[in-house]
Each structure stands twice: as C-alpha cells, then as structure tokens.
Amino acid sequence: MSVVVRDCSYVLVHVPSFIRYGSKPYRDISVNGGPGRDLEKKIYERVRTYEEVVAYPPNQVFIGNLHPDALRDISQPWYEHPVPGAKRQGKFGEIFPEDEFYGWMKVADDFDLIWLTPEFIQTVRQKLASSPFANEVQLKKLGPGTPLDKILHKVEDDSALPLYHDGAVVGSIRRDHDADDSLKAHILLENLLAKTSGALVMYHLFKRAGMKPEEVDFILSCSEEAVGDRYNRGGGSLSKAIGEMCHCINATGHDIKAFCAAPLHAILDAASLVEAGVFNHVVVVGGGCLAKIGMKYSSHLKHQMPILEDVLAGIAFWVTKDDGINPIIRLDCIGKHPIGAASNQQAIMTSLVLKPLNKIGKKMMEIDRYATEMHNPEVTLPAGSGNTPYTNYKIMGALAAMAGEISPSSIEEFVKTKGMPGFSPTQGHVPAAVPFLGHALEAMREGRMKTTLFVAKGSLFLGRMSQLSDGMSFLLERNPKNKVE
Amino acid sequence: MFKGKKAIVIGERDGVPGPAIAQCLLAAGAEIAYVTTECFV
C-alpha cells in the first residue's frame, strides 16, 4: 500500500439568516398568510448567537479543539454548557461568522447573482481584508455594492430572494433564468453556499498542510447539491469551481454523487488514483448543504431548544503518496455494500465491516476505533430520529457478538471503547464517518492509535430510482514506517 | 398471520430498511402495497 491521508481540514459557518432557506423551513414558511409569517417569527426567536455556536462543545470537537471522548464528561444539553474560552480557530479549521461569509459568497459569485448593499459591503470588506485567505483580486470582486431600493425592487418582482443579516435585508440573490428551475434563486443559493464553504475549507487545508494550491492535481467534490441547468440538472463540476476559487491552476476535477456516503466514495477514488500513479495529489472536498439547515426545526421549537441546525459544514482531505509519516489507506480492506446483498442491517454491516476485515485476517476487536454516522444526537433525539452513532455502534457490537468475538453482555462496552459520541452537524454527507478522520490522523501520527475503520451508509432510495441502500468503508492504519511513540 | 392483508411499509436507514420489513411481511402472507425507506438524519 502506498497511499496516505496527509492532512485534513474542517470548517463551520454560522448561517442563522439562512435557516429560513433550509428545505424544511422554506417549505413551511412559504405557506401563505399568517401561519408562514408567524412561523418565521417563532424560528427567529430561537436562533443562537455566533458566540454560542463557537462555544458549543460538539462544534469545538468538529474543528479539532476537543476530542470526541471529551463530550462524555460535559453535561447535557451541551447547548447549556458552553466550552469556557472557546475560540473560533481550531486545530483543524475555523468557525466563520455570517457577515464574513457573505463577503466570501460575493467573492465566489462569477455571475453577479448576489447583490449586497454598499453599507454591508463596507463591513464585510474590512473583515475580509484581515483574512489570510483574501487577496487583492478577491477584495476587488466585492465591488461598491448595490443600493437597497434596487435590491428590494428585484425581490418584489419575484426574480430574487432577499438575503438577511441580524434581521435586516442586506442583499439579494437573483435567478439566472425565468423558465429554468435549476437556475432559480433558491437553487443557485444552495449551489453558491456549497461552493463558498468548500473553498473556505480548502483554504484551511492548504494553510494547515503547508500545501501550495498549484500542487493539487485533481479535486473530487463530495458535496450535496445539484449544479446544472434544465438540460442537465446535476451536471456538476463544483469541484472545479471550488478549485478555481482556491487557485488550483494545475488541477481539474469531478463530483462524486453517492448521497451521504459520497465522502467515502471520494476518498476511495482519490486513493485509487494515487495508487495507480495517475495523480500525485488529490484533494477531496465537501462544501456545506443549505437544504439540511433547520431540517428538524419543528422539534427544536416544540422542546423549546435553540435551532441547532444553524451551521454549514465543510470538509477537506489531502490524499497522496506514502510519506512514511501519515496513516495509510488500506486499499486491500475496502468495504462495499454490493447490489446483490440484502438490505437488513446485519447484511449491510457484514459487507462493510466483517468481510473487509476478514479479507486481511483481522478481527473486529483488533480495530482500535470505529467511525460511523457521527450525527450530533442533541439534534436528532428531539425529532425522534434516535441517536444515530449509538444505534450504529450497537449494531456493530451485535455483529462482533454474532461473530463470537465478544459476549452479548459486552455490547455496551464495545460501544463505549470502540465508539464515540456523535458531534457532527447533520449536513448529510458531512457526518458520514469522516468527522473523526482529523482526530484519527493526529492520534496515529503521534503513536496513540493504530487503526480506525470508517464506515458510512448512503440513502440511495431517497432518489426513487432504487430501493437499495449503499455504504462504503475503509481502514486507516498507522504508517508502519512512522516510529514515533 | 397477514394472509389477505395489504401492507404499507416505511423503513428507516439506520433502523430497519423497508425491503427487510417487506420480506418479513411477505413471509407472513401479506401483499405489499407500497414499500420505501426514509432517512431522517
């Protein structure tokens, strides 16, 4: 094996004003008349401040300032127990505030889709000017701004969506065609948010890894959006759009679409390209998903909680040749859920866990940790969706018991020692095992851990073309040439 | 047990998928009117 994950980065973007444009809130608020207006008001009485989002323990885990295990020692609800002295900068990335993100959206916009008022542009220009990622060309793209009356006129004639910050209209995003649903304002907003957050996490990858953008050969996007037009609704290549914004002048790329399991599919593809010698440096990048914002708002309102799905998430990984230091991807231990396999959980987990491990002569209990669907349970439990990581770890534990490796009474111990609490924003692709990759990289570099199996599933059935599930897994292993203890 | 009955089956990705539930109901004699799996996370 000669492929490593050399580095990674993770970002969050606090986007409270975009909760109204998440798929579920948008549909519910769009109900005509009083009910819609009242609902929007109720939602906006429960949004968190940026400071609260920064100090939220799962978010600090996501950007690398806390280990996932630390969540076991923090009382719940976590949103009532902020991390003292929490910083926006983390070991793996950063938590961006909304106003700065608007500036980056304008930088990402190559079609004048976004208008921002001159006053707001002035605010964001100052913030971006002090960012290590913004150059003069990008700051120039902010432009002078568009007067508010022109923005409101565009919104009133129904060709633009208003953009808000702190309760006020600060801009708009327009449609780019009057008869193409793929280019309507809401879809373009979704795509632009994925592009922008994807670029921010890629900037962080280069900074953290000391990598030059021009070193990148190939980019694989695993984001959840459908960039395209009416003749090709998911035509894609958000990968190349993100790469362009990040100055990857020697790269091209394409998009991996595999529902929630896309990050693992993308990492497998990246590793295969490097192993085959086709490319040397492949970056896997996932931008945030607007559609998932506020998905469970109604249960959070019902339980008088803050609206917890208020962040976009970005993930990025650098896959390259063995450097003798970083953990290797065991390409001889890849798990897939084949078309001919049954759909029950035992069949899925056998395909993704038992079979690949057996292939290399390993038992389940030999693996130090398992990373699975890492959804933050505080988000999902109030909605009746359960504690997703816990459910998956129990199934794995049951599998280990059925394989005779542990007794059924030890399943909870398996969950505790081989698993971890969930902490990832519920952004679809983002929680799919990879939130733990940064923590695993660190532990393996420093000799504190040897192996992690990353296991994730994809919900193909949601597209109504197949009843099949999907899933992928890969084993990350401490580099045998790395002798650091 | 379900002979002569029709079933609408809704499964959950991280729980029991629809097709798996449907197989059990078929074995118990039901006619499957509709089956889907949803993903609420």
# chains A, B, ... in the order shown; residues from 1 in each chain; ligands from 1
call {"tool": "residues_around", "arguments": {"residues": "segment 11-18 of chain B", "least_positions_apart": "3", "cutoff": "7 Å", "atoms": "only C-alpha atoms", "output": "number ranges by chain"}}
result
A: 343-345, 388, 459; B: 21-22, 35-39
call {"tool": "write_last_selection", "arguments": {"atoms": "C-alpha atoms", "output": "short mmCIF file (atom, residue, chain, number, x, y, z; two decimals), in the first residue's frame"}}
result
data_model
loop_
_atom_site.label_atom_id
_atom_site.label_comp_id
_atom_site.auth_asym_id
_atom_site.auth_seq_id
_atom_site.Cartn_x
_atom_site.Cartn_y
_atom_site.Cartn_z
CA SER A 343 -30.81 -4.69 2.87
CA ASN A 344 -31.08 -5.60 6.55
CA GLN A 345 -28.59 -4.09 8.98
CA THR A 388 -27.55 7.59 15.14
CA SER A 459 -29.60 6.61 1.23
CA ILE B 21 -39.57 -5.38 6.71
CA ALA B 22 -41.36 -6.23 3.48
CA VAL B 35 -42.52 -0.02 0.38
CA THR B 36 -39.97 2.70 0.96
CA THR B 37 -37.03 3.51 3.22
CA GLU B 38 -36.61 7.00 4.55
CA CYS B 39 -33.65 8.74 6.10
#
call {"tool": "interface_residues", "arguments": {"of": "chain A", "to": "chain B", "cutoff": "10 Å", "atoms": "only C-alpha atoms", "output": "number ranges by chain"}}
result
A: 260, 292, 295-296, 342-346, 373, 375-376, 379-380, 383-389, 391-392, 395, 426-428, 431, 457-462, 464, 466-470
call {"tool": "residues_around", "arguments": {"residues": "segment 50-60 of chain A", "least_positions_apart": "4", "cutoff": "9 Å", "atoms": "only C-alpha atoms", "output": "compact mmCIF listing (two decimals) with C-alpha atoms, in the first residue's frame"}}
result
# COMPACT_ATOMS: atom_id res chain seq x y z
CA LEU A 12 -18.24 25.53 10.15
CA HIS A 14 -22.79 30.09 11.30
CA VAL A 15 -25.71 30.95 9.00
CA PRO A 16 -28.73 31.81 11.17
CA GLY A 64 -10.35 19.89 16.50
CA ASN A 65 -10.13 21.74 19.82
CA LEU A 66 -11.68 18.88 21.78
CA HIS A 67 -11.55 15.11 21.29
CA PRO A 68 -14.95 13.43 20.78
CA ALA A 70 -14.45 14.80 25.92
CA LEU A 71 -18.18 15.09 25.25
CA ILE A 74 -19.69 17.51 29.53
CA TRP A 78 -24.45 20.68 25.53
CA TYR A 79 -26.01 23.94 24.34
CA GLU A 80 -26.38 24.90 28.00
CA HIS A 81 -22.74 24.02 28.79
CA PRO A 82 -20.52 26.14 26.56
CA VAL A 83 -16.80 25.48 26.44
CA PRO A 84 -15.09 28.21 28.51
CA GLY A 85 -12.76 30.38 26.44
CA ALA A 86 -13.76 28.65 23.19
CA LYS A 87 -12.05 30.03 20.10
CA ARG A 88 -13.25 30.37 16.52
CA GLY A 90 -9.39 25.26 15.77
CA ILE A 95 -15.92 28.67 12.68
CA PHE A 96 -16.86 31.57 10.41
CA PRO A 97 -19.46 34.23 11.26
CA GLU A 98 -22.25 35.00 8.84
CA LEU A 308 -29.33 23.66 16.37
CA ASP A 310 -27.68 26.58 12.03
CA VAL A 311 -24.26 25.84 10.55
CA ASN A 376 -24.94 15.07 16.91
CA GLY A 422 -21.77 11.95 17.87
CA PHE A 423 -20.77 15.57 17.27
CA SER A 424 -21.18 16.38 13.62
CA PRO A 425 -23.68 18.83 12.17
call {"tool": "select_by_dssp", "arguments": {"residues": "chain B", "states": "strand (DSSP E)", "output": "list in words"}}
result
Lys6, Ala7, Ile8, Val9, Ile10, Gly11, Glu12, Glu31, Ile32, Ala33, Tyr34, Val35, Thr36, Thr37 and Glu38 of chain B
call {"tool": "residues_around", "arguments": {"residues": "Ala440 of chain A", "least_positions_apart": "2", "cutoff": "12 Å", "atoms": "only C-alpha atoms", "output": "number ranges by chain"}}
result
A: 5-8, 64, 67-68, 326-328, 368-371, 433-438, 442-454, 475-478
call {"tool": "select_by_dssp", "arguments": {"residues": "chain B", "states": "alpha helix (DSSP H)", "output": "PyMOL selection string"}}
result
chain B and resi 18-27
call {"tool": "atom_distance", "arguments": {"atom1": "atom CA of Phe279 of chain A", "atom2": "atom CA of Ser239 of chain A"}}
result
15.8 Å
call {"tool": "residues_around", "arguments": {"residues": "Gly243 of chain A", "least_positions_apart": "4", "cutoff": "9 Å", "atoms": "only C-alpha atoms", "output": "mmCIF file with N, CA and C atoms, in the first residue's frame"}}
result
data_model
loop_
_atom_site.group_PDB
_atom_site.id
_atom_site.type_symbol
_atom_site.label_atom_id
_atom_site.label_comp_id
_atom_site.auth_asym_id
_atom_site.auth_seq_id
_atom_site.Cartn_x
_atom_site.Cartn_y
_atom_site.Cartn_z
ATOM 1 N N ALA A 199 -14.698 26.232 -0.653
ATOM 2 C CA ALA A 199 -13.458 26.989 -0.851
ATOM 3 C C ALA A 199 -12.812 27.331 0.489
ATOM 4 N N MET A 202 -11.043 24.425 1.875
ATOM 5 C CA MET A 202 -9.845 24.107 1.097
ATOM 6 C C MET A 202 -8.728 25.101 1.420
ATOM 7 N N PRO A 213 -1.532 25.590 -3.601
ATOM 8 C CA PRO A 213 -2.659 25.222 -4.472
ATOM 9 C C PRO A 213 -2.203 24.631 -5.811
ATOM 10 N N VAL A 216 -1.921 20.776 -6.380
ATOM 11 C CA VAL A 216 -3.080 19.878 -6.489
ATOM 12 C C VAL A 216 -3.247 19.440 -7.941
ATOM 13 N N PHE A 218 -5.796 16.997 -8.808
ATOM 14 C CA PHE A 218 -7.165 16.582 -9.071
ATOM 15 C C PHE A 218 -8.006 16.856 -7.839
ATOM 16 N N ILE A 219 -9.255 17.257 -8.083
ATOM 17 C CA ILE A 219 -10.169 17.571 -6.980
ATOM 18 C C ILE A 219 -11.427 16.728 -7.130
ATOM 19 N N LEU A 238 -18.723 21.057 -9.431
ATOM 20 C CA LEU A 238 -18.483 22.011 -8.351
ATOM 21 C C LEU A 238 -17.030 21.905 -7.922
ATOM 22 N N SER A 239 -16.450 20.720 -8.119
ATOM 23 C CA SER A 239 -15.037 20.509 -7.768
ATOM 24 C C SER A 239 -14.154 21.544 -8.461
ATOM 25 N N HIS A 247 -7.406 28.793 -6.476
ATOM 26 C CA HIS A 247 -6.180 28.997 -7.273
ATOM 27 C C HIS A 247 -5.452 27.700 -7.583
ATOM 28 N N CYS A 248 -6.194 26.598 -7.735
ATOM 29 C CA CYS A 248 -5.556 25.311 -8.060
ATOM 30 C C CYS A 248 -5.358 25.239 -9.573
ATOM 31 N N ILE A 249 -4.395 25.989 -10.076
ATOM 32 C CA ILE A 249 -4.285 26.211 -11.519
ATOM 33 C C ILE A 249 -3.885 24.968 -12.294
ATOM 34 N N ALA A 251 -5.030 21.873 -11.537
ATOM 35 C CA ALA A 251 -5.964 20.780 -11.236
ATOM 36 C C ALA A 251 -7.180 20.811 -12.137
ATOM 37 N N THR A 252 -7.783 19.666 -12.299
ATOM 38 C CA THR A 252 -9.159 19.570 -12.750
ATOM 39 C C THR A 252 -9.880 18.686 -11.731
ATOM 40 N N GLY A 253 -11.111 18.313 -12.052
ATOM 41 C CA GLY A 253 -11.808 17.502 -11.053
ATOM 42 C C GLY A 253 -13.174 17.082 -11.529
#
call {"tool": "atom_distance", "arguments": {"atom1": "atom CA of Ser17 of chain A", "atom2": "atom CA of Asp166 of chain A"}}
result
7.4 Å
call {"tool": "residues_around", "arguments": {"residues": "Lys3 of chain B", "least_positions_apart": "3", "cutoff": "10 Å", "atoms": "only C-alpha atoms", "output": "list in words"}}
result
Lys6, Leu25, Leu26, Ala27, Ala28, Gly29, Ala30 and Glu31 of chain B
call {"tool": "write_last_selection", "arguments": {"atoms": "C-alpha atoms", "output": "PDB file, in the first residue's frame"}}
result
ATOM      1  CA  LYS B   6     -52.140  -5.388   2.461  1.00  0.00           C
ATOM      2  CA  LEU B  25     -44.423  -9.447   5.893  1.00  0.00           C
ATOM      3  CA  LEU B  26     -44.354 -11.376   2.620  1.00  0.00           C
ATOM      4  CA  ALA B  27     -43.259 -14.451   4.531  1.00  0.00           C
ATOM      5  CA  ALA B  28     -46.224 -13.874   6.825  1.00  0.00           C
ATOM      6  CA  GLY B  29     -48.632 -13.789   3.885  1.00  0.00           C
ATOM      7  CA  ALA B  30     -49.129 -10.043   3.339  1.00  0.00           C
ATOM      8  CA  GLU B  31     -49.421  -8.280  -0.004  1.00  0.00           C
TER       9      GLU B  31
END
call {"tool": "residues_around", "arguments": {"residues": "Ile19 of chain A", "least_positions_apart": "4", "cutoff": "10 Å", "atoms": "only C-alpha atoms", "output": "list of chain:residue names"}}
result
A:Val15, A:Ser23, A:Lys24, A:Pro25, A:Tyr26, A:Glu40, A:Ile43, A:Tyr44, A:Val47, A:Leu290, A:Ala291, A:Lys292, A:Ile293, A:Gly294, A:Met295, A:Tyr297, A:Ile307, A:Glu309, A:Asp310, A:Val311
call {"tool": "write_last_selection", "arguments": {"atoms": "N, CA and C atoms", "output": "JSON list (two decimals), in the first residue's frame"}}
result
[["chain", "number", "residue", "atom", "x", "y", "z"],
["A", 15, "VAL", "N", -24.83, 30.32, 10.00],
["A", 15, "VAL", "CA", -25.71, 30.95, 9.00],
["A", 15, "VAL", "C", -27.15, 31.06, 9.51],
["A", 23, "SER", "N", -34.42, 23.53, 3.45],
["A", 23, "SER", "CA", -35.53, 22.92, 2.69],
["A", 23, "SER", "C", -36.83, 22.87, 3.50],
["A", 24, "LYS", "N", -36.77, 22.33, 4.72],
["A", 24, "LYS", "CA", -38.00, 22.17, 5.51],
["A", 24, "LYS", "C", -38.56, 23.51, 5.98],
["A", 25, "PRO", "N", -37.74, 24.42, 6.58],
["A", 25, "PRO", "CA", -38.29, 25.70, 6.99],
["A", 25, "PRO", "C", -38.85, 26.49, 5.81],
["A", 26, "TYR", "N", -38.15, 26.46, 4.66],
["A", 26, "TYR", "CA", -38.58, 27.23, 3.50],
["A", 26, "TYR", "C", -39.96, 26.80, 3.04],
["A", 40, "GLU", "N", -41.99, 31.99, 10.86],
["A", 40, "GLU", "CA", -40.66, 32.60, 10.68],
["A", 40, "GLU", "C", -40.29, 33.37, 11.95],
["A", 43, "ILE", "N", -39.28, 30.91, 14.67],
["A", 43, "ILE", "CA", -37.94, 30.34, 14.42],
["A", 43, "ILE", "C", -36.88, 31.34, 14.85],
["A", 44, "TYR", "N", -37.12, 32.60, 14.48],
["A", 44, "TYR", "CA", -36.07, 33.59, 14.74],
["A", 44, "TYR", "C", -36.02, 34.06, 16.19],
["A", 47, "VAL", "N", -32.96, 31.42, 17.53],
["A", 47, "VAL", "CA", -31.65, 31.21, 16.90],
["A", 47, "VAL", "C", -30.54, 31.56, 17.89],
["A", 290, "LEU", "N", -27.17, 23.67, 2.21],
["A", 290, "LEU", "CA", -28.24, 24.56, 2.66],
["A", 290, "LEU", "C", -29.52, 23.80, 2.94],
["A", 291, "ALA", "N", -29.80, 22.79, 2.12],
["A", 291, "ALA", "CA", -31.08, 22.08, 2.25],
["A", 291, "ALA", "C", -31.27, 21.48, 3.65],
["A", 292, "LYS", "N", -30.19, 21.10, 4.28],
["A", 292, "LYS", "CA", -30.26, 20.45, 5.60],
["A", 292, "LYS", "C", -30.41, 21.44, 6.75],
["A", 293, "ILE", "N", -30.20, 22.73, 6.48],
["A", 293, "ILE", "CA", -30.28, 23.72, 7.55],
["A", 293, "ILE", "C", -31.69, 23.76, 8.12],
["A", 294, "GLY", "N", -31.79, 23.69, 9.42],
["A", 294, "GLY", "CA", -33.10, 23.77, 10.08],
["A", 294, "GLY", "C", -34.04, 22.62, 9.81],
["A", 295, "MET", "N", -33.53, 21.49, 9.37],
["A", 295, "MET", "CA", -34.41, 20.37, 8.99],
["A", 295, "MET", "C", -35.33, 19.96, 10.13],
["A", 297, "TYR", "N", -36.23, 21.81, 12.72],
["A", 297, "TYR", "CA", -36.58, 23.00, 13.50],
["A", 297, "TYR", "C", -37.84, 22.80, 14.32],
["A", 307, "ILE", "N", -32.50, 26.49, 17.71],
["A", 307, "ILE", "CA", -32.46, 25.81, 16.41],
["A", 307, "ILE", "C", -31.01, 25.39, 16.20],
["A", 309, "GLU", "N", -29.60, 23.31, 13.97],
["A", 309, "GLU", "CA", -29.08, 23.11, 12.61],
["A", 309, "GLU", "C", -28.90, 24.47, 11.97],
["A", 310, "ASP", "N", -27.90, 25.19, 12.45],
["A", 310, "ASP", "CA", -27.68, 26.58, 12.03],
["A", 310, "ASP", "C", -26.30, 26.81, 11.48],
["A", 311, "VAL", "N", -25.60, 25.71, 11.11],
["A", 311, "VAL", "CA", -24.26, 25.84, 10.55],
["A", 311, "VAL", "C", -24.13, 25.04, 9.27]]
call {"tool": "closest_residue", "arguments": {"among": "A:Asp73, A:Ala270, A:Thr49, A:Gly277", "to": "Phe317 of chain A", "atoms": "only C-alpha atoms"}}
result
A:Ala270
call {"tool": "atom_distance", "arguments": {"atom1": "atom CA of Ile29 of chain A", "atom2": "atom CA of Asp149 of chain A"}}
result
24.4 Å
